[in-house]
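Undergrad: Quick one: the structure is below, questions incoming.
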Amino acid sequence: MLNVRLNNLGQQMLSCYIIIESELKWIDKKYRDLCNYGSYHNKFTSIRNNRQNNLSLIGINRQVQINMDLYHSFEEAKRTQQKKFVVLIDPDKVRMGNMDQILDLASKAAVDYFFIGGSLVVNNMLDHCLDSIKKACDIPMILFPGNSFQLSYRADGILFLSLISGRNAELLIGKHVITAPYLRVSPLEILPTGYMLINGGVPTTVSYMSNTQPIPQNKDDIALCTAVAGEMLGLKLMYMDAGSGAKNPVSESMIELVSGGLKIPLIVGGGIRTPEKAYANAKAGADVIVVGNAIEKDPNLIIEMSLAVKEAGEKMKVF
Ligand code: 1GP
């Protein structure tokens, strides 16, 4: 009996070894791609912190460079109360005619970052979209992935999102385990982010795709406790999102309460259509304002939106 069990265990270990071997080959290929890609990358970042990361358990034992420039820029903005403005680009939705105009206006309006991603990207336009941005301007590009396929070395960083408003284990930790070895050897700056969906008055793609319920829009206390728990777990950024195209953006009262309870930078987006709302959200305590849909429809809004966010920062500036 014992022998049978031991044999079974041996077989399991052998198949486990075979799986790890094939994953290692995959990771090695990714690493080689990365080395070939090295000269192309890194317009924005300089590597500040190097450390030896021992990933020998899964066969990687290399010098891994940890890049934290983007994160420091978010932290600094929070400390000095200078507000940041982000344009969200969904590679599937943006029309190429619009794209040129958006990039031109974004440079003129001193947009701080681009977030790149969508809940459901089906057209495989991610690399092309990143290349177009890189050719046109120096604005850092941060992946905002709707799933683990939306990865590219061409970006500068990635929001490593844990959907803490939901109870879907895959989106809290499952997908992260799968992508961790790939991201560890990538040049992308990893930004561990608590992602909180707030009910925006209409069912959004992200709540459907994630199979989670958003936090009710009037439950400011639940939002606060969720955000504080995420910060205590070590997340570095908090993102409150009413979802793309939300009817009701996140309320100022919720932003005020949550930002008052957090030490980490707070990102707010979803359904922001006017410069007035962007300004009000920044004044209420959002450190970073994200706008996507409204700008896709009318790229000219970029200038006014950016000005509104920066103006809120000027009024609150800490020296
Ligand atoms: C969605 O927060 C973003 O994830 C932006 O939303 O497209 O509604 O601006 P909008």
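Just so we're on the same page: first chain in the structure tokens is A, next is B, and so on; residues restart at 1 for each chain, and ligands are numbered from 1 in the order they show up.
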Considering only C-alpha atoms, give me a table of residues in region 146-263 of chain A that are at most 10 Å from region 279-300 of chain A, with the closest atom pair and distance in Å for each, as a tab-separated table.

TA:
residue	atom	partner	partner_atom	distance
A:Met238	CA	A:Ala286	CA	9.9
A:Tyr239	CA	A:Val288	CA	8.9
A:Met240	CA	A:Ala286	CA	9.3
A:Asp241	CA	A:Val290	CA	9.0
A:Ser244	CA	A:Asn293	CA	6.7
A:Gly245	CA	A:Asn293	CA	6.1
A:Ala246	CA	A:Asn293	CA	9.5
A:Pro249	CA	A:Asn281	CA	9.4
A:Val250	CA	A:Asn281	CA	8.3
A:Ser251	CA	A:Asn281	CA	7.9
A:Glu252	CA	A:Ala284	CA	5.6
A:Ser253	CA	A:Ala284	CA	7.5
A:Met254	CA	A:Ala284	CA	8.8
A:Ile255	CA	A:Ala284	CA	6.0
A:Glu256	CA	A:Ala284	CA	5.0
A:Leu257	CA	A:Gly285	CA	8.5
A:Val258	CA	A:Gly285	CA	8.3
A:Ser259	CA	A:Gly285	CA	5.4
A:Gly260	CA	A:Gly285	CA	7.5

Undergrad: Can you write just those residues out, N, CA and C atoms, as a PDB file, in the first residue's frame?

TA:
ATOM      1  N   MET A 238      -4.050  52.931  -4.824  1.00  0.00           N
ATOM      2  CA  MET A 238      -5.455  52.526  -4.733  1.00  0.00           C
ATOM      3  C   MET A 238      -6.201  53.161  -5.899  1.00  0.00           C
ATOM      4  N   TYR A 239      -7.006  52.353  -6.598  1.00  0.00           N
ATOM      5  CA  TYR A 239      -7.732  52.851  -7.776  1.00  0.00           C
ATOM      6  C   TYR A 239      -9.225  52.635  -7.546  1.00  0.00           C
ATOM      7  N   MET A 240      -9.969  53.736  -7.398  1.00  0.00           N
ATOM      8  CA  MET A 240     -11.434  53.633  -7.292  1.00  0.00           C
ATOM      9  C   MET A 240     -12.003  53.927  -8.672  1.00  0.00           C
ATOM     10  N   ASP A 241     -12.726  52.952  -9.215  1.00  0.00           N
ATOM     11  CA  ASP A 241     -13.189  53.053 -10.599  1.00  0.00           C
ATOM     12  C   ASP A 241     -14.686  52.770 -10.677  1.00  0.00           C
ATOM     13  N   SER A 244     -15.617  52.110 -16.968  1.00  0.00           N
ATOM     14  CA  SER A 244     -15.605  52.962 -18.157  1.00  0.00           C
ATOM     15  C   SER A 244     -17.029  53.260 -18.610  1.00  0.00           C
ATOM     16  N   GLY A 245     -17.300  54.534 -18.841  1.00  0.00           N
ATOM     17  CA  GLY A 245     -18.629  54.945 -19.297  1.00  0.00           C
ATOM     18  C   GLY A 245     -19.682  54.931 -18.207  1.00  0.00           C
ATOM     19  N   ALA A 246     -19.262  54.928 -16.943  1.00  0.00           N
ATOM     20  CA  ALA A 246     -20.234  54.908 -15.837  1.00  0.00           C
ATOM     21  C   ALA A 246     -21.193  56.091 -15.946  1.00  0.00           C
ATOM     22  N   PRO A 249     -20.158  58.995 -11.862  1.00  0.00           N
ATOM     23  CA  PRO A 249     -18.772  58.812 -11.414  1.00  0.00           C
ATOM     24  C   PRO A 249     -18.711  58.671  -9.891  1.00  0.00           C
ATOM     25  N   VAL A 250     -17.555  58.298  -9.376  1.00  0.00           N
ATOM     26  CA  VAL A 250     -17.391  58.141  -7.920  1.00  0.00           C
ATOM     27  C   VAL A 250     -17.699  59.489  -7.258  1.00  0.00           C
ATOM     28  N   SER A 251     -18.450  59.440  -6.149  1.00  0.00           N
ATOM     29  CA  SER A 251     -18.886  60.696  -5.519  1.00  0.00           C
ATOM     30  C   SER A 251     -17.730  61.377  -4.790  1.00  0.00           C
ATOM     31  N   GLU A 252     -17.854  62.697  -4.679  1.00  0.00           N
ATOM     32  CA  GLU A 252     -16.811  63.444  -3.964  1.00  0.00           C
ATOM     33  C   GLU A 252     -16.761  63.044  -2.486  1.00  0.00           C
ATOM     34  N   SER A 253     -17.927  62.727  -1.906  1.00  0.00           N
ATOM     35  CA  SER A 253     -17.928  62.355  -0.480  1.00  0.00           C
ATOM     36  C   SER A 253     -17.144  61.055  -0.271  1.00  0.00           C
ATOM     37  N   MET A 254     -17.292  60.105  -1.204  1.00  0.00           N
ATOM     38  CA  MET A 254     -16.542  58.841  -1.069  1.00  0.00           C
ATOM     39  C   MET A 254     -15.045  59.100  -1.246  1.00  0.00           C
ATOM     40  N   ILE A 255     -14.699  59.943  -2.225  1.00  0.00           N
ATOM     41  CA  ILE A 255     -13.282  60.245  -2.473  1.00  0.00           C
ATOM     42  C   ILE A 255     -12.667  60.913  -1.237  1.00  0.00           C
ATOM     43  N   GLU A 256     -13.409  61.841  -0.665  1.00  0.00           N
ATOM     44  CA  GLU A 256     -12.900  62.579   0.494  1.00  0.00           C
ATOM     45  C   GLU A 256     -12.638  61.630   1.669  1.00  0.00           C
ATOM     46  N   LEU A 257     -13.611  60.764   1.933  1.00  0.00           N
ATOM     47  CA  LEU A 257     -13.465  59.842   3.064  1.00  0.00           C
ATOM     48  C   LEU A 257     -12.304  58.871   2.832  1.00  0.00           C
ATOM     49  N   VAL A 258     -12.245  58.292   1.630  1.00  0.00           N
ATOM     50  CA  VAL A 258     -11.209  57.285   1.351  1.00  0.00           C
ATOM     51  C   VAL A 258      -9.825  57.941   1.344  1.00  0.00           C
ATOM     52  N   SER A 259      -9.693  59.090   0.689  1.00  0.00           N
ATOM     53  CA  SER A 259      -8.352  59.710   0.618  1.00  0.00           C
ATOM     54  C   SER A 259      -7.891  60.130   2.014  1.00  0.00           C
ATOM     55  N   GLY A 260      -8.843  60.540   2.859  1.00  0.00           N
ATOM     56  CA  GLY A 260      -8.486  60.933   4.229  1.00  0.00           C
ATOM     57  C   GLY A 260      -7.948  59.765   5.049  1.00  0.00           C
TER      58      GLY A 260
END

Undergrad: Apply DSSP to the backbone of this structure and, from region 43-223 of chain A, keep only the residues in strand (DSSP E or B); write these as an NGL selection string.

TA: :A and (49-55 or 60-66 or 84-89 or 113-116 or 141-143 or 157-163 or 189-198 or 215)

Undergrad: List the spatial neighbours of Lys317 (chain A) as a list in words - criterion: any atom at most 8 Å away, only C-alpha atoms, same-chain residues fewer than 5 positions off excluded.

TA: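 Skipping anything fewer than 5 positions along the chain leaves Thr80, Gln81 and Gln82 of chain A.
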
Undergrad: So that I have them on file, write out the residues from the current selection with N, CA and C atoms, as a short mmCIF file (atom, residue, chain, number, x, y, z; two decimals), in the first residue's frame.

TA:
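again-v8.cif was written with the following content:
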data_model
loop_
_atom_site.label_atom_id
_atom_site.label_comp_id
_atom_site.auth_asym_id
_atom_site.auth_seq_id
_atom_site.Cartn_x
_atom_site.Cartn_y
_atom_site.Cartn_z
N THR A 80 3.16 66.27 -2.28
CA THR A 80 3.11 67.71 -2.54
C THR A 80 1.72 68.17 -2.99
N GLN A 81 0.78 67.23 -3.05
CA GLN A 81 -0.59 67.54 -3.48
C GLN A 81 -0.66 68.05 -4.92
N GLN A 82 0.34 67.68 -5.74
CA GLN A 82 0.24 68.05 -7.16
C GLN A 82 -0.52 66.95 -7.86
#

Undergrad: Taking the DSSP secondary structure from the backbone, can you list the residues of region 192-290 of chain A that are alpha helix (DSSP H), as number ranges by chain?

TA: A: 205-210, 220-232, 252-261, 275-284

Undergrad: Pick out the closest residue to ligand 1 from this set: A:Leu130, A:Ala229, A:Ile215, A:Ile89. Count only C-alpha atoms and all ligand atoms.

TA: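 Looking only at the distances to ligand 1, the closest residue turns out to be A:Ile89.
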
Undergrad: Near Ile139 (chain A), within 12 Å and counting only C-alpha atoms, which residues show up once chain neighbours fewer than 2 positions away are dropped, as JSON, numbers by chain?

TA: {"A": [42, 43, 44, 45, 70, 85, 86, 87, 103, 104, 105, 106, 107, 108, 109, 110, 111, 112, 113, 114, 115, 116, 130, 132, 133, 134, 135, 136, 137, 141, 142, 155, 156, 157]}

Undergrad: Considering only C-alpha atoms and all ligand atoms, state which residue in the set A:Gln217, A:Thr274, A:Asn168, A:Ser152 is at the smallest distance from ligand 1.

TA: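 Counting only C-alpha atoms and all ligand atoms, the residue closest to ligand 1 is A:Thr274.
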
Undergrad: Let me make sure I understand: among A:Thr193, A:Ser119, A:Ser148, A:Asn218, which one has the smallest atom-to-atom distance to ligand 1 if we use only C-alpha atoms and all ligand atoms?

TA: A:Ser119

Undergrad: Rounded to one decimal, what separation in Å do you get between CA of Asp92 (chain A) and CA of Met125 (chain A)?

TA: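 It comes out at 6.5 Å.
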
Undergrad: Grab the CA of Ile158 (chain A) to CA of Ile190 (chain A) distance for me, in Å with one decimal place.

TA: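 It comes out at 5.3 Å.
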
Undergrad: Given the choices A:Asn211, A:Thr205, A:Gln101, A:Thr226, which gets closest to ligand 1 if the distance is worked out from only C-alpha atoms and all ligand atoms?

TA: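 Closest residue, counting only C-alpha atoms and all ligand atoms: A:Thr205.
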
Undergrad: I'd like the interatomic distance between CA of Gly166 (chain A) and CA of Thr212 (chain A), to a tenth of an Å.

TA: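 Interatomic distance, CA of Gly166 (chain A) to CA of Thr212 (chain A): 5.1 Å.
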
Undergrad: Might you pull out every residue within 10 Å of His176 (chain A), with only C-alpha atoms counted and same-chain residues fewer than 3 positions away left off, and present them as a PDB file with C-alpha atoms, in the first residue's frame?

TA:
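Output below, filename selection.pdb:
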ATOM      1  CA  SER A 148      -3.185  38.496 -18.293  1.00  0.00           C
ATOM      2  CA  PHE A 160      -0.543  44.997 -10.965  1.00  0.00           C
ATOM      3  CA  LEU A 161      -4.213  45.017 -10.045  1.00  0.00           C
ATOM      4  CA  SER A 162      -5.828  43.103  -7.239  1.00  0.00           C
ATOM      5  CA  GLU A 170      -8.568  34.571  -9.465  1.00  0.00           C
ATOM      6  CA  LEU A 171      -8.557  38.371  -9.618  1.00  0.00           C
ATOM      7  CA  LEU A 172      -7.367  38.794  -6.046  1.00  0.00           C
ATOM      8  CA  ILE A 173      -4.299  36.540  -6.421  1.00  0.00           C
ATOM      9  CA  THR A 179       2.138  36.272 -14.447  1.00  0.00           C
ATOM     10  CA  ALA A 180       4.650  36.789 -11.603  1.00  0.00           C
ATOM     11  CA  PRO A 181       7.648  34.974 -13.171  1.00  0.00           C
ATOM     12  CA  LEU A 183       6.819  40.164 -14.871  1.00  0.00           C
TER      13      LEU A 183
END
